[in-house]
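What's in input_17.csv: CSV, C-alpha atoms
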chain,number,residue,atom,x,y,z
T,452,MET,CA,0.0,0.0,0.0
T,453,ALA,CA,1.4,3.5,-0.9
T,454,ALA,CA,2.5,5.6,2.0
T,455,THR,CA,0.5,8.6,3.1
T,456,ARG,CA,2.7,11.5,2.0
T,457,GLY,CA,3.1,15.1,3.2
T,458,PHE,CA,5.5,17.9,2.6
T,459,GLY,CA,7.2,20.0,5.3
T,460,ILE,CA,9.7,22.9,5.3
T,461,ASP,CA,11.7,24.0,8.3
T,462,VAL,CA,12.9,27.6,8.2
T,463,GLY,CA,15.9,28.1,10.5
T,464,GLY,CA,18.4,30.9,11.2
T,465,SER,CA,21.1,29.2,9.1
T,466,GLY,CA,19.3,26.9,6.6
T,467,ILE,CA,15.9,26.3,5.1
T,468,LYS,CA,15.2,22.6,4.7
T,469,GLY,CA,12.4,20.7,3.0
T,470,ALA,CA,11.4,17.1,2.3
T,471,LEU,CA,8.7,14.7,1.4
T,472,VAL,CA,7.5,12.7,4.4
T,473,ASP,CA,6.0,9.3,4.9
T,474,LEU,CA,3.2,10.2,7.4
T,475,ASP,CA,2.8,6.6,8.5
T,476,THR,CA,6.4,6.3,9.7
T,477,GLY,CA,7.7,9.8,10.1
T,478,GLU,CA,10.6,9.1,7.7
T,479,PHE,CA,11.7,11.1,4.7
T,480,ILE,CA,10.8,9.9,1.2
T,481,GLY,CA,14.1,10.4,-0.5
T,482,ASP,CA,16.6,13.1,0.4
T,483,ARG,CA,15.8,16.5,1.9
T,484,MET,CA,16.9,19.7,0.2
T,485,ARG,CA,18.7,22.5,2.1
T,486,ILE,CA,19.4,26.0,1.0
T,487,GLU,CA,21.2,28.6,3.1
T,488,THR,CA,18.9,31.1,4.8
T,489,PRO,CA,19.1,34.4,2.9
T,490,HIS,CA,20.5,37.5,4.7
T,491,PRO,CA,18.6,39.5,5.5
T,492,ALA,CA,15.9,36.8,6.0
T,493,THR,CA,13.0,39.0,5.0
T,494,PRO,CA,9.5,37.5,4.3
T,495,ASP,CA,9.9,37.9,0.5
T,496,ALA,CA,13.5,36.4,0.5
T,497,VAL,CA,12.4,33.4,2.6
T,498,ALA,CA,9.3,32.9,0.5
T,499,ASP,CA,11.5,32.8,-2.6
T,500,VAL,CA,13.6,29.9,-1.1
T,501,VAL,CA,10.5,28.0,0.1
T,502,GLY,CA,9.0,28.3,-3.4
T,503,GLU,CA,12.3,27.0,-4.9
T,504,ILE,CA,12.2,23.9,-2.6
T,505,VAL,CA,8.6,23.1,-3.3
T,506,ARG,CA,9.2,23.4,-7.0
T,507,HIS,CA,12.2,21.1,-6.8
T,508,PHE,CA,10.1,18.3,-5.4
T,509,GLU,CA,7.2,19.0,-7.8
T,510,TRP,CA,4.9,18.9,-4.9
T,511,ASP,CA,1.3,20.1,-5.5
T,512,GLY,CA,-0.4,19.2,-2.1
T,513,PRO,CA,-0.6,21.0,1.2
T,514,VAL,CA,2.6,22.5,2.6
T,515,GLY,CA,3.6,22.9,6.3
T,516,VAL,CA,6.1,25.6,7.1
T,517,THR,CA,7.8,26.3,10.4
T,518,LEU,CA,9.2,29.7,11.5
T,519,PRO,CA,11.4,30.6,14.4
T,520,ALA,CA,8.6,32.8,15.7
T,521,VAL,CA,5.4,32.9,17.7
T,522,VAL,CA,2.8,32.1,15.1
T,523,LYS,CA,-0.9,32.7,15.9
T,524,GLN,CA,-3.6,32.1,13.2
T,525,GLY,CA,-0.9,32.2,10.5
T,526,VAL,CA,0.5,35.6,11.6
T,527,ALA,CA,4.1,35.9,12.9
T,528,HIS,CA,4.3,37.9,16.1
T,529,THR,CA,8.0,37.6,16.9
T,530,ALA,CA,11.2,37.1,14.8
T,531,ALA,CA,14.0,35.1,16.4
T,532,ASN,CA,17.1,34.8,14.2
T,533,ILE,CA,15.2,36.0,11.1
T,534,ASP,CA,14.5,39.6,9.9
T,535,PRO,CA,12.4,41.8,12.2
T,536,SER,CA,10.1,42.6,9.3
T,537,TRP,CA,8.4,39.2,9.9
T,538,ILE,CA,6.7,40.7,12.9
T,539,GLY,CA,3.0,41.3,11.9
T,540,THR,CA,3.4,39.4,8.6
T,541,ASP,CA,0.5,37.2,7.6
T,542,ALA,CA,2.7,34.2,6.8
T,543,ASP,CA,-0.3,32.1,5.7
T,544,ALA,CA,-1.3,34.6,3.0
T,545,LEU,CA,2.3,35.1,1.9
T,546,PHE,CA,3.1,31.4,1.4
T,547,ALA,CA,-0.3,30.7,-0.1
T,548,GLU,CA,0.2,33.3,-2.7
T,549,ARG,CA,3.9,32.4,-3.4
T,550,LEU,CA,3.1,28.7,-3.7
T,551,GLY,CA,-0.2,29.0,-5.6
T,552,ARG,CA,-2.1,27.3,-2.8
T,553,ALA,CA,-5.4,28.1,-1.0
T,554,ARG,CA,-4.8,29.5,2.4
T,555,GLU,CA,-6.1,26.4,4.1
T,556,ASP,CA,-3.5,24.3,2.2
T,557,VAL,CA,-0.7,26.1,4.1
T,558,ALA,CA,0.0,25.3,7.8
T,559,MET,CA,2.2,27.7,9.7
T,560,LEU,CA,3.8,26.6,13.0
T,561,ASN,CA,6.5,27.7,15.4
T,562,ASP,CA,9.5,25.5,14.6
T,563,ALA,CA,9.8,23.9,18.0
T,564,ASP,CA,6.1,23.3,18.2
T,565,ALA,CA,6.3,21.4,14.9
T,566,ALA,CA,9.3,19.4,16.1
T,567,GLY,CA,7.4,18.5,19.3
T,568,LEU,CA,4.3,17.4,17.4
T,569,ALA,CA,6.5,15.0,15.4
T,570,GLU,CA,8.2,13.6,18.6
T,571,MET,CA,4.8,13.0,20.2
T,572,ARG,CA,3.6,11.1,17.2
T,573,PHE,CA,6.7,9.2,16.0
T,574,GLY,CA,9.1,9.4,18.9
T,575,ASP,CA,9.6,7.5,22.2
T,576,PRO,CA,6.1,6.7,23.6
T,577,ALA,CA,7.4,7.8,27.1
T,578,VAL,CA,7.4,11.4,26.0
T,579,ARG,CA,3.6,11.4,25.5
T,580,ARG,CA,3.0,11.1,29.3
T,581,GLY,CA,3.2,14.0,31.8
T,582,VAL,CA,4.6,17.4,31.4
T,583,VAL,CA,7.3,17.3,28.7
T,584,ALA,CA,9.4,20.2,27.3
T,585,LEU,CA,11.1,19.8,24.0
T,586,LEU,CA,14.0,22.1,23.4
T,587,THR,CA,15.7,22.6,20.0
T,588,PHE,CA,19.4,23.7,20.3
T,589,GLY,CA,20.5,25.5,17.1
T,590,THR,CA,21.0,29.1,16.1
T,591,GLY,CA,18.8,29.9,19.2
T,592,ILE,CA,16.8,27.7,21.6
T,593,GLY,CA,13.3,26.8,20.6
T,594,SER,CA,10.8,25.2,23.0
T,595,ALA,CA,7.5,23.2,22.9
T,596,LEU,CA,5.6,22.3,26.0
T,597,PHE,CA,3.2,19.3,26.2
T,598,ASP,CA,0.9,17.9,28.9
T,599,ASP,CA,0.0,14.3,28.2
T,600,GLY,CA,0.8,14.9,24.5
T,601,LYS,CA,-1.3,18.1,24.2
T,602,LEU,CA,0.6,21.0,22.9
T,603,MET,CA,0.6,24.4,24.7
T,604,PRO,CA,1.7,26.4,21.6
T,605,ASN,CA,4.2,29.3,21.3
T,606,THR,CA,6.2,29.0,24.4
T,607,GLU,CA,9.4,31.1,24.3
T,608,PHE,CA,11.6,29.4,26.9
T,609,GLY,CA,14.7,30.1,24.9
T,610,HIS,CA,14.4,33.7,26.1
T,611,ILE,CA,14.1,33.1,29.9
T,612,GLU,CA,16.7,35.1,31.9
T,613,VAL,CA,19.6,33.0,33.1
T,614,ASP,CA,22.1,34.8,35.3
T,615,GLY,CA,21.3,38.2,33.7
T,616,HIS,CA,21.4,36.9,30.1
T,617,ASP,CA,18.8,35.8,27.6
T,618,GLY,CA,19.1,32.0,27.9
T,619,GLU,CA,19.8,31.3,24.2
T,620,THR,CA,22.6,33.8,24.1
T,621,ARG,CA,24.5,31.6,26.5
T,622,ALA,CA,23.4,28.0,25.7
T,623,ALA,CA,22.4,27.8,22.1
T,624,ALA,CA,24.4,25.4,19.9
T,625,SER,CA,25.5,28.4,17.8
T,626,VAL,CA,27.2,29.8,20.9
T,627,LYS,CA,29.2,26.6,21.3
T,628,ASP,CA,30.5,27.0,17.7
T,629,ARG,CA,31.0,30.7,17.8
T,630,GLU,CA,33.0,30.7,21.1
T,631,GLY,CA,34.8,27.5,20.4
T,632,LEU,CA,33.5,25.7,23.5
T,633,SER,CA,34.3,22.1,24.2
T,634,TYR,CA,31.3,19.8,24.8
T,635,PRO,CA,32.0,19.8,28.6
T,636,GLU,CA,32.2,23.6,28.6
T,637,TRP,CA,29.0,24.0,26.6
T,638,ALA,CA,27.2,21.2,28.6
T,639,ALA,CA,27.8,23.3,31.8
T,640,ARG,CA,25.9,26.2,30.2
T,641,VAL,CA,23.1,23.9,29.1
T,642,ASP,CA,22.9,22.4,32.5
T,643,ARG,CA,22.6,25.9,34.1
T,644,TYR,CA,19.9,26.9,31.6
T,645,LEU,CA,17.9,23.6,32.2
T,646,THR,CA,18.1,24.1,36.0
T,647,VAL,CA,16.6,27.6,35.7
T,648,LEU,CA,13.9,26.3,33.4
T,649,GLU,CA,13.0,23.3,35.4
T,650,ASN,CA,12.6,25.4,38.5
T,651,LEU,CA,10.0,27.4,36.6
T,652,ILE,CA,7.8,24.7,35.1
T,653,TRP,CA,8.8,21.4,36.9
T,654,PRO,CA,8.6,19.1,33.8
T,655,ASP,CA,8.7,15.3,34.0
T,656,ARG,CA,11.1,15.1,31.1
T,657,PHE,CA,13.2,17.2,28.7
T,658,VAL,CA,13.6,16.2,25.1
T,659,VAL,CA,16.5,17.8,23.4
T,660,GLY,CA,16.6,18.3,19.6
T,661,GLY,CA,18.3,20.3,16.9
T,662,GLY,CA,21.4,19.4,14.9
T,663,VAL,CA,23.5,18.9,18.1
T,664,SER,CA,21.2,16.1,19.2
T,665,LYS,CA,23.0,13.9,16.7
T,666,LYS,CA,26.0,14.0,19.1
T,667,SER,CA,23.9,13.8,22.3
T,668,ASP,CA,26.3,11.1,23.7
T,669,LYS,CA,28.9,13.8,24.0
T,670,TRP,CA,27.0,16.2,26.2
T,671,VAL,CA,23.7,14.8,27.6
T,672,PRO,CA,25.5,12.4,30.0
T,673,LEU,CA,27.3,15.5,31.4
T,674,LEU,CA,24.1,17.2,32.6
T,675,THR,CA,23.3,17.2,36.3
T,676,ASN,CA,19.9,18.8,36.5
T,677,ARG,CA,17.2,16.8,38.2
T,678,THR,CA,14.8,16.3,35.3
T,679,PRO,CA,15.6,13.3,33.0
T,680,VAL,CA,16.9,14.5,29.6
T,681,VAL,CA,16.6,12.4,26.4
T,682,ALA,CA,17.6,13.1,22.9
T,683,ALA,CA,14.9,13.6,20.3
T,684,SER,CA,14.2,10.4,18.3
T,685,LEU,CA,13.8,12.3,15.0
T,686,GLN,CA,16.8,14.6,15.8
T,687,ASN,CA,17.0,17.5,13.4
T,688,ASN,CA,14.3,16.1,11.0
T,689,ALA,CA,11.5,16.6,13.5
T,690,GLY,CA,10.5,20.1,12.3
T,691,ILE,CA,10.0,19.0,8.7
T,692,VAL,CA,8.0,15.9,9.8
T,693,GLY,CA,5.8,17.9,12.2
T,694,ALA,CA,5.1,20.6,9.6
T,695,ALA,CA,4.2,18.0,7.0
T,696,ALA,CA,1.8,16.2,9.4
T,697,ALA,CA,0.2,19.5,10.4
T,698,ALA,CA,-0.4,20.5,6.8
T,699,ALA,CA,-1.9,17.1,5.8
T,700,GLU,CA,-4.3,17.2,8.7
T,701,GLY,CA,-5.2,20.9,8.7
T,702,ILE,CA,-3.6,21.4,12.1
T,703,GLU,CA,-2.5,25.0,12.9
T,704,PRO,CA,-2.0,25.8,16.6

Starting from the coordinates I provided, produce the structure as structure tokens.
Amino acid sequence: MAATRGFGIDVGGSGIKGALVDLDTGEFIGDRMRIETPHPATPDAVADVVGEIVRHFEWDGPVGVTLPAVVKQGVAHTAANIDPSWIGTDADALFAERLGRAREDVAMLNDADAAGLAEMRFGDPAVRRGVVALLTFGTGIGSALFDDGKLMPNTEFGHIEVDGHDGETRAAASVKDREGLSYPEWAARVDRYLTVLENLIWPDRFVVGGGVSKKSDKWVPLLTNRTPVVAASLQNNAGIVGAAAAAAEGIEP
């Protein structure tokens, strides 16, 4: 029997990635396509790249798109690691027009929310129980909060204050690279960030994703915070998978 297919695009601070997704398994169908995020990452510039990726795959169905932003009813209300001109942009309308789709055939989600939805569906069944915070470590820190698998959309835990600093400016994966930190040095910063966050929300589990989750064995065992921490099952593919599922099912938090 043919797989149920969907298409998702994950807009990040450094790259825009898209792929066909098998919605029965959460796996990619073929390879993903990645294009560097334009600078400045204005709505029009990002929409041009998204259109190029969709055309590359010759996909004519619904499209899910993630943004590193608070997204409510298709409108971006913040802009983390993309151009500030996104604030107030009707992203649903922008991508529908650029992709030649009806508005209802475009699903806009916060990037971490999309990743979390994918983990809830295709990841470790243990993460579907209790209060779970998924954190994506990349250019910044994205967050998604779930209570027994139900999403509480648009949390911005990457921006909590940690020792007088915006949390992601100290503990994002990009900071590790920019400052040349070793895994133990960076893990100490993540540990401090997680300790502050867990004292605010008291989760039952942290799930850590983003590109750095591929090397979770180098830093997750070094963490000492009290809440169990597990690596995301879908690693850095989760945003694309969650976006594809949301578009196919008409889900837009």

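CA of Met571 (chain T) sits 15.3 Å away from CA of Glu700 (chain T).
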
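Look at region 596-604 of chain T: the protein and nucleic acid residues within 9 Å of it, using all atoms listed in the file and passing over chain neighbours fewer than 3 places away, are Val521, Val522, Lys523, Leu560, Asn561, Asp564, Gly567, Leu568, Met571, Arg572, Val578, Arg579, Arg580, Gly581, Val582, Val583, Ala584, Leu585, Leu586, Pro654 and Pro704 of chain T.
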
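Minimum distance to Asp543 (chain T) across T:Gly660, T:Ala698, T:Asp562, T:Ser667 (counting only C-alpha atoms) occurs at T:Ala698.
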
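Distance-wise, CA of Trp637 (chain T) and CA of Gly464 (chain T) end up 19.9 Å apart.
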
Write out as a tab-separated table a residue-level contact list of region 549-659 of chain T versus region 503-520 of chain T with cut-off 12 Å: for each qualifying residue the closest pair of atoms and the distance in Å to one decimal, counting all atoms listed in the file, rows sorted by chain and residue number upward.
residue	atom	partner	partner_atom	distance
T:Arg549	CA	T:Glu503	CA	10.1
T:Leu550	CA	T:Val505	CA	7.9
T:Gly551	CA	T:Asp511	CA	9.0
T:Arg552	CA	T:Pro513	CA	7.6
T:Ala553	CA	T:Pro513	CA	8.8
T:Arg554	CA	T:Pro513	CA	9.6
T:Glu555	CA	T:Pro513	CA	8.2
T:Asp556	CA	T:Pro513	CA	4.5
T:Val557	CA	T:Val514	CA	5.1
T:Ala558	CA	T:Gly515	CA	4.6
T:Met559	CA	T:Val516	CA	5.1
T:Leu560	CA	T:Thr517	CA	4.8
T:Asn561	CA	T:Leu518	CA	5.1
T:Asp562	CA	T:Thr517	CA	4.6
T:Ala563	CA	T:Pro519	CA	7.8
T:Asp564	CA	T:Thr517	CA	8.5
T:Ala565	CA	T:Thr517	CA	6.8
T:Ala566	CA	T:Thr517	CA	9.1
T:Gly567	CA	T:Thr517	CA	11.8
T:Leu568	CA	T:Thr517	CA	11.9
T:Thr587	CA	T:Pro519	CA	10.7
T:Gly589	CA	T:Pro519	CA	10.8
T:Thr590	CA	T:Pro519	CA	9.9
T:Gly591	CA	T:Pro519	CA	8.8
T:Ile592	CA	T:Pro519	CA	9.5
T:Gly593	CA	T:Pro519	CA	7.5
T:Ser594	CA	T:Pro519	CA	10.2
T:Ala595	CA	T:Pro519	CA	11.9
T:Pro604	CA	T:Ala520	CA	11.1
T:Asn605	CA	T:Ala520	CA	7.9
T:Thr606	CA	T:Ala520	CA	9.8
T:Glu607	CA	T:Ala520	CA	8.8
T:Gly609	CA	T:Pro519	CA	11.0
T:His610	CA	T:Ala520	CA	11.9

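In this model, the gap between CA of Ile460 (chain T) and CA of Met484 (chain T) comes to 9.4 Å.
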
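Ranking T:Ala638, T:Ala492, T:Ala547, T:Ile652 by their shortest atom-to-atom distance to Phe588 (chain T), with all atoms listed in the file included, puts T:Ala638 first.
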
(request) Compare T:Ala531, T:Leu471, T:Gly693, T:Phe458 by their minimum atom-to-atom distance to Thr620 (chain T), counting all atoms listed in the file, and give me the closest one. (result) T:Ala531

N, CA, C and O atoms for region 507-518 of chain T, written as a PDB file, in the coordinates of the input, could you do that?
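Once everything was written out, this is rebuild_27.pdb:
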ATOM      1  N   HIS T 507      11.230  22.187  -6.595  1.00  0.00           N
ATOM      2  CA  HIS T 507      12.200  21.100  -6.800  1.00  0.00           C
ATOM      3  C   HIS T 507      11.614  19.754  -6.649  1.00  0.00           C
ATOM      4  O   HIS T 507      11.943  18.829  -7.399  1.00  0.00           O
ATOM      5  N   PHE T 508      10.710  19.615  -5.684  1.00  0.00           N
ATOM      6  CA  PHE T 508      10.100  18.300  -5.400  1.00  0.00           C
ATOM      7  C   PHE T 508       8.832  18.093  -6.268  1.00  0.00           C
ATOM      8  O   PHE T 508       8.209  17.026  -6.177  1.00  0.00           O
ATOM      9  N   GLU T 509       8.437  19.093  -7.023  1.00  0.00           N
ATOM     10  CA  GLU T 509       7.200  19.000  -7.800  1.00  0.00           C
ATOM     11  C   GLU T 509       6.016  18.603  -7.001  1.00  0.00           C
ATOM     12  O   GLU T 509       5.180  17.799  -7.424  1.00  0.00           O
ATOM     13  N   TRP T 510       5.938  19.183  -5.820  1.00  0.00           N
ATOM     14  CA  TRP T 510       4.900  18.900  -4.900  1.00  0.00           C
ATOM     15  C   TRP T 510       3.691  19.813  -5.089  1.00  0.00           C
ATOM     16  O   TRP T 510       3.874  21.031  -5.137  1.00  0.00           O
ATOM     17  N   ASP T 511       2.477  19.259  -5.227  1.00  0.00           N
ATOM     18  CA  ASP T 511       1.300  20.100  -5.500  1.00  0.00           C
ATOM     19  C   ASP T 511       0.254  20.005  -4.384  1.00  0.00           C
ATOM     20  O   ASP T 511      -0.870  20.493  -4.552  1.00  0.00           O
ATOM     21  N   GLY T 512       0.604  19.383  -3.245  1.00  0.00           N
ATOM     22  CA  GLY T 512      -0.400  19.200  -2.100  1.00  0.00           C
ATOM     23  C   GLY T 512      -0.150  20.289  -1.059  1.00  0.00           C
ATOM     24  O   GLY T 512       0.590  21.258  -1.232  1.00  0.00           O
ATOM     25  N   PRO T 513      -0.794  20.090   0.092  1.00  0.00           N
ATOM     26  CA  PRO T 513      -0.600  21.000   1.200  1.00  0.00           C
ATOM     27  C   PRO T 513       0.828  21.071   1.679  1.00  0.00           C
ATOM     28  O   PRO T 513       1.560  20.086   1.585  1.00  0.00           O
ATOM     29  N   VAL T 514       1.224  22.236   2.181  1.00  0.00           N
ATOM     30  CA  VAL T 514       2.600  22.500   2.600  1.00  0.00           C
ATOM     31  C   VAL T 514       2.590  22.982   4.050  1.00  0.00           C
ATOM     32  O   VAL T 514       1.863  23.935   4.364  1.00  0.00           O
ATOM     33  N   GLY T 515       3.406  22.358   4.902  1.00  0.00           N
ATOM     34  CA  GLY T 515       3.600  22.900   6.300  1.00  0.00           C
ATOM     35  C   GLY T 515       4.925  23.616   6.314  1.00  0.00           C
ATOM     36  O   GLY T 515       5.934  23.152   5.783  1.00  0.00           O
ATOM     37  N   VAL T 516       4.918  24.772   6.958  1.00  0.00           N
ATOM     38  CA  VAL T 516       6.100  25.600   7.100  1.00  0.00           C
ATOM     39  C   VAL T 516       6.313  26.022   8.514  1.00  0.00           C
ATOM     40  O   VAL T 516       5.369  26.497   9.161  1.00  0.00           O
ATOM     41  N   THR T 517       7.523  25.840   9.018  1.00  0.00           N
ATOM     42  CA  THR T 517       7.800  26.300  10.400  1.00  0.00           C
ATOM     43  C   THR T 517       8.582  27.623  10.302  1.00  0.00           C
ATOM     44  O   THR T 517       9.294  27.905   9.341  1.00  0.00           O
ATOM     45  N   LEU T 518       8.430  28.415  11.347  1.00  0.00           N
ATOM     46  CA  LEU T 518       9.200  29.700  11.500  1.00  0.00           C
ATOM     47  C   LEU T 518       9.747  29.729  12.918  1.00  0.00           C
ATOM     48  O   LEU T 518       9.088  29.271  13.867  1.00  0.00           O
TER      49      LEU T 518
END
